[in-house]
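> Before anything else, here's the structure in question.
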Amino acid sequence: MTDHMQQAIKEGRTSLGIELGSTRIKAVLIDDQFQTIASGSFEWENQLAEGIWTYSMDAVWQGIQASYQTLRQAVQDKYDLTLTKIGTIGFSAMMHGYLAFDAQDQLLVPFRTWRNAITEEAEQQLTALFQYNIPQRWSIAHLYQAVLNHEDHVADVAFFTTLAGYVHWQLTGEKVIGIGDASGMFPIDSQTKDFDASKIAQFDAQIDGQAYPWHLKEILPQVLVAGSPAGSLTAAGALRLDPSGNLAAGIPLCPPEGDAGTGMVATNSVAPKTGNVSAGTSAFAMIVLEEPLKQVHPEIDMVTTPAGDLVAMVHTNNCTSEINAWVKLFKEFTTAAGMDQSVEDIFSLLFNEAIKGDPSCGGLLSYGYYSGENITKIAAGRPLFVRTPESAFTLPNFMRMHLYSAFGAMKIGMKILEAEAVTIERIVGHGGIFKTPEVAQRILAAAMEAPVTVMETAGEGGAWGIAILAEYLRRQSENQTLDAFLNEIVFRGDTGTTLAPLPADIEGFDTFVARYQAGLPIEQAAIDYLK
């Protein structure tokens, strides 16, 4: 295998994927057998600046360069080769948000991320206008809220995009976006595989009295489906990605995608009636639909696969942050106690304790809300742990509670799809929370009331998924659909490990969710009184 990878590197039969996640930027280089050759990563955090969750553009490029540099060094160390050519490259990032630029390509306001819950008025007005759910985190909601707020910068907007679209544009000069990422900016017409022209006309009519010097279509990126050429790495882009100067220009790039789309690809969940749950700082449950939903639901995003097929997405702003915070505290304890325990060891130990807990968590309750949560109508974040004197406060119950809480809001959203009679034949779990075998998988199966599969690639994450989309571009001469490419080539024979939900877990989760919903006024009180 090492010889094959070495030859693939020399001949450029490779694909590079870089994904900018909420807490980590990760780079993955794969060979033509979809095996990981090398990887690199960079830890980062968003900042709350003047009430806005944001990342600086300096941090974006520092993280991209650092993750690529680590990967490049790994190739050098393991294969004694300097990475100079790559077959194809793809970038993905957190969906939604708002990056607006003027005619001189200058950023007009700091990046407004998906995490901001500051566009409620825009959400309500646009959802009513389009008769289509427009969540607060969508790019168009941010633009329209800026209109409603009479922000000066709106008149100067010449282009707005997502984080992945921005990075791709800077490295290629192309103002394009993958259709999956685009579907978190503005509604998509599933027939034309483009932004919905009728809704663009509605939006333009809505703001006509403002006399802005632009129409919406003019300032949106061009939409591309998976496998479409999306430009190539410019000389300046190559130097920006690899300041060492070793990387050659001219490398083709696939359309930039959102983390929802890369999660679908990494879990082979792009066909109708398949679904996946991507769990990290936030969590997405994405179900590929056979037909549109019958009603508009504010809790459900309508997005698409990277190929443009309609997807119902239950998006929760919070998932693992509170678990990570407690693991960090336990790590501080073990360090203070002189114990040599890695963070990975602590995760494994605590997760395995969770399985020993009472199915209903012994009466414990938590909300891992680091930011507002649309599904539960909570506008801001207050991580909270609550118990009564009678609660069974044990370590297993405590950890099980946090795992239940991570999927609590998602469970509420999935009940809506159940009422819509959406058929789900297969759910795949994806993300770092599933690295400890069976634990989070079993909890998620109880939440979904359906079997959950975890594949060996679950820990690779979205960077591997966007590398696969880059490889799909490299193989376009084979003329396969994305679904066929994944089923017949990438995942051939990889069925993963599947766990069916246990009746006691389903009952316990339902009991917890009833407590979770009943306790939401406690969370609201924390917002009201803890400033």
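In the structure tokens, each chain is lettered A, B, ... as it comes, each chain's residues begin at 1, and ligands are numbered from 1 in order of appearance.
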Could you name the residues that touch stretch 444-450 of chain A at 10 Å or less, counting only C-alpha atoms, but leaving out those on the same chain fewer than 4 positions away, as a ChimeraX atom specification?
/A:277,285,403-404,406-408,410-412,414-415,418,424-429,434,438-440,498-510,513
> Taking into account only C-alpha atoms, which residue in the set A:Tyr516, A:Leu71, A:Glu257, A:Thr436 is nearest to A:Asp345?
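Nearest candidate to A:Asp345 out of A:Tyr516, A:Leu71, A:Glu257, A:Thr436: A:Thr436.
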> Restricting the calculation to only C-alpha atoms, which member of A:Trp61, A:Ile188, A:Thr172, A:Glu332 is positioned closest to A:Pro229?
A:Thr172
> Restricting the calculation to only C-alpha atoms, which member of A:Thr316, A:Thr304, A:Thr394, A:Glu50 is positioned closest to A:Trp114?
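Closest to A:Trp114 of all the choices is A:Thr316.
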> Between A:Met264, A:Met401, A:Val296, A:Ala337, single out the one closest to A:Glu322, counting only C-alpha atoms.
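Ranking A:Met264, A:Met401, A:Val296, A:Ala337 by distance to A:Glu322, first place goes to A:Met401.
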> Separation of atom CA of A:Thr162 and atom CA of A:Ala182, in Å?
8.2 Å
> Select from stretch 157-213 of chain A every residue with an atom at most 8 Å from any atom of stretch 217-221 of chain A, then for each give the shortest pair of atoms and their distance in Å to one decimal, using only C-alpha atoms, rows by chain and rising number, as a tab-separated table.

residue	atom	partner	partner_atom	distance
A:Val157	CA	A:Ile219	CA	7.3
A:Ala158	CA	A:Ile219	CA	5.4
A:Phe159	CA	A:Ile219	CA	4.2
A:Phe160	CA	A:Leu220	CA	6.0
A:Thr161	CA	A:Pro221	CA	6.6
A:Gly165	CA	A:Pro221	CA	7.9
A:Lys175	CA	A:Pro221	CA	5.2
A:Val176	CA	A:Pro221	CA	4.8
A:Ile177	CA	A:Pro221	CA	6.1
A:Ile200	CA	A:Lys217	CA	6.9
> Output N, CA and C atoms for every residue in that selection, as a PDB file, in the first residue's frame.

ATOM      1  N   VAL A 157     -22.706  46.206  -1.415  1.00  0.00           N
ATOM      2  CA  VAL A 157     -22.484  44.774  -1.645  1.00  0.00           C
ATOM      3  C   VAL A 157     -22.396  44.492  -3.148  1.00  0.00           C
ATOM      4  N   ALA A 158     -21.277  43.906  -3.540  1.00  0.00           N
ATOM      5  CA  ALA A 158     -21.102  43.485  -4.930  1.00  0.00           C
ATOM      6  C   ALA A 158     -21.089  41.964  -5.056  1.00  0.00           C
ATOM      7  N   PHE A 159     -20.906  41.269  -3.930  1.00  0.00           N
ATOM      8  CA  PHE A 159     -20.822  39.805  -3.927  1.00  0.00           C
ATOM      9  C   PHE A 159     -20.955  39.334  -2.493  1.00  0.00           C
ATOM     10  N   PHE A 160     -21.758  38.292  -2.280  1.00  0.00           N
ATOM     11  CA  PHE A 160     -21.745  37.657  -0.957  1.00  0.00           C
ATOM     12  C   PHE A 160     -21.769  36.152  -1.125  1.00  0.00           C
ATOM     13  N   THR A 161     -21.187  35.463  -0.140  1.00  0.00           N
ATOM     14  CA  THR A 161     -20.984  34.032  -0.288  1.00  0.00           C
ATOM     15  C   THR A 161     -20.824  33.392   1.082  1.00  0.00           C
ATOM     16  N   GLY A 165     -17.197  29.145  -0.189  1.00  0.00           N
ATOM     17  CA  GLY A 165     -17.194  29.907  -1.441  1.00  0.00           C
ATOM     18  C   GLY A 165     -16.130  30.980  -1.447  1.00  0.00           C
ATOM     19  N   LYS A 175     -16.081  32.901  -8.691  1.00  0.00           N
ATOM     20  CA  LYS A 175     -17.161  33.135  -7.727  1.00  0.00           C
ATOM     21  C   LYS A 175     -18.257  32.095  -7.934  1.00  0.00           C
ATOM     22  N   VAL A 176     -17.967  30.873  -7.499  1.00  0.00           N
ATOM     23  CA  VAL A 176     -18.876  29.744  -7.690  1.00  0.00           C
ATOM     24  C   VAL A 176     -19.136  29.079  -6.343  1.00  0.00           C
ATOM     25  N   ILE A 177     -20.128  28.189  -6.331  1.00  0.00           N
ATOM     26  CA  ILE A 177     -20.463  27.472  -5.105  1.00  0.00           C
ATOM     27  C   ILE A 177     -21.141  26.159  -5.463  1.00  0.00           C
ATOM     28  N   ILE A 200     -36.065  34.715  -6.354  1.00  0.00           N
ATOM     29  CA  ILE A 200     -35.166  35.856  -6.548  1.00  0.00           C
ATOM     30  C   ILE A 200     -35.971  37.082  -6.978  1.00  0.00           C
TER      31      ILE A 200
END
> How far is it from atom CA of A:Val422 to atom CA of A:Ile300, in Å with one decimal?
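That distance, rounded to one decimal, is 12.6 Å.
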> Would you mind writing down, as JSON, numbers by chain, each residue of stretch 180-274 of chain A that DSSP on the backbone assigns to strand (DSSP E or B)?
{"A": [188, 189, 194, 195, 222, 223, 224, 232, 252, 253, 257, 258, 274]}
> How would the residues just picked look written out with N, CA and C atoms as an mmCIF file, in the first residue's frame?

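See part_36.cif below for the written result:
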data_model
loop_
_atom_site.group_PDB
_atom_site.id
_atom_site.type_symbol
_atom_site.label_atom_id
_atom_site.label_comp_id
_atom_site.auth_asym_id
_atom_site.auth_seq_id
_atom_site.Cartn_x
_atom_site.Cartn_y
_atom_site.Cartn_z
ATOM 1 N N ILE A 188 -33.265 26.624 -3.566
ATOM 2 C CA ILE A 188 -32.847 26.035 -4.838
ATOM 3 C C ILE A 188 -34.052 25.485 -5.589
ATOM 4 N N ASP A 189 -34.060 25.647 -6.899
ATOM 5 C CA ASP A 189 -35.031 24.995 -7.777
ATOM 6 C C ASP A 189 -34.445 23.637 -8.151
ATOM 7 N N ASP A 194 -30.432 25.329 -9.733
ATOM 8 C CA ASP A 194 -29.921 26.686 -9.581
ATOM 9 C C ASP A 194 -30.765 27.383 -8.518
ATOM 10 N N PHE A 195 -30.342 28.596 -8.126
ATOM 11 C CA PHE A 195 -31.174 29.381 -7.234
ATOM 12 C C PHE A 195 -32.558 29.561 -7.866
ATOM 13 N N GLN A 222 -22.211 31.666 -8.651
ATOM 14 C CA GLN A 222 -22.762 30.723 -9.631
ATOM 15 C C GLN A 222 -22.866 29.339 -9.008
ATOM 16 N N VAL A 223 -23.991 28.677 -9.227
ATOM 17 C CA VAL A 223 -24.247 27.362 -8.625
ATOM 18 C C VAL A 223 -23.740 26.254 -9.543
ATOM 19 N N LEU A 224 -23.021 25.282 -8.956
ATOM 20 C CA LEU A 224 -22.487 24.141 -9.698
ATOM 21 C C LEU A 224 -22.832 22.837 -8.977
ATOM 22 N N SER A 232 -9.361 26.507 -11.430
ATOM 23 C CA SER A 232 -8.104 25.868 -11.053
ATOM 24 C C SER A 232 -7.285 26.813 -10.176
ATOM 25 N N PRO A 252 -6.920 21.480 -10.823
ATOM 26 C CA PRO A 252 -8.376 21.691 -10.882
ATOM 27 C C PRO A 252 -9.002 21.611 -9.489
ATOM 28 N N LEU A 253 -10.042 22.423 -9.257
ATOM 29 C CA LEU A 253 -10.809 22.376 -8.019
ATOM 30 C C LEU A 253 -12.242 21.976 -8.313
ATOM 31 N N GLU A 257 -18.095 23.050 -1.184
ATOM 32 C CA GLU A 257 -19.321 22.524 -0.588
ATOM 33 C C GLU A 257 -19.427 22.867 0.893
ATOM 34 N N GLY A 258 -20.618 22.674 1.427
ATOM 35 C CA GLY A 258 -20.856 22.871 2.844
ATOM 36 C C GLY A 258 -20.626 21.579 3.612
ATOM 37 N N THR A 274 -32.220 7.573 2.151
ATOM 38 C CA THR A 274 -31.056 7.405 3.016
ATOM 39 C C THR A 274 -30.906 8.680 3.852
#
> Using only C-alpha atoms, which of A:Gly381, A:Gly275, A:Ser139, A:Ala463 sits nearest A:Tyr68?
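The answer is A:Ala463, which sits nearest to A:Tyr68.
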> In Å, rounded to a single decimal, give me how far atom CA of A:Thr119 is from atom CA of A:His150.
13.3 Å
> Tell me which protein, DNA and RNA residues are within 8 Å of A:Thr2, counting only C-alpha atoms, leaving out same-chain ones fewer than 3 positions away, and put them as a PyMOL selection string.
chain A and resi 5-6+79
> Please, could you write that set of residues out with N, CA and C atoms as a short mmCIF file (atom, residue, chain, number, x, y, z; two decimals), in the first residue's frame?

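Dumped everything to result-v1.cif:
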data_model
loop_
_atom_site.label_atom_id
_atom_site.label_comp_id
_atom_site.auth_asym_id
_atom_site.auth_seq_id
_atom_site.Cartn_x
_atom_site.Cartn_y
_atom_site.Cartn_z
N MET A 5 0.79 4.28 -2.71
CA MET A 5 0.57 5.68 -2.34
C MET A 5 1.72 6.55 -2.82
N GLN A 6 2.94 6.04 -2.70
CA GLN A 6 4.10 6.80 -3.13
C GLN A 6 4.02 7.08 -4.63
N TYR A 79 6.97 9.43 3.09
CA TYR A 79 7.22 8.94 1.73
C TYR A 79 8.48 9.52 1.11
#
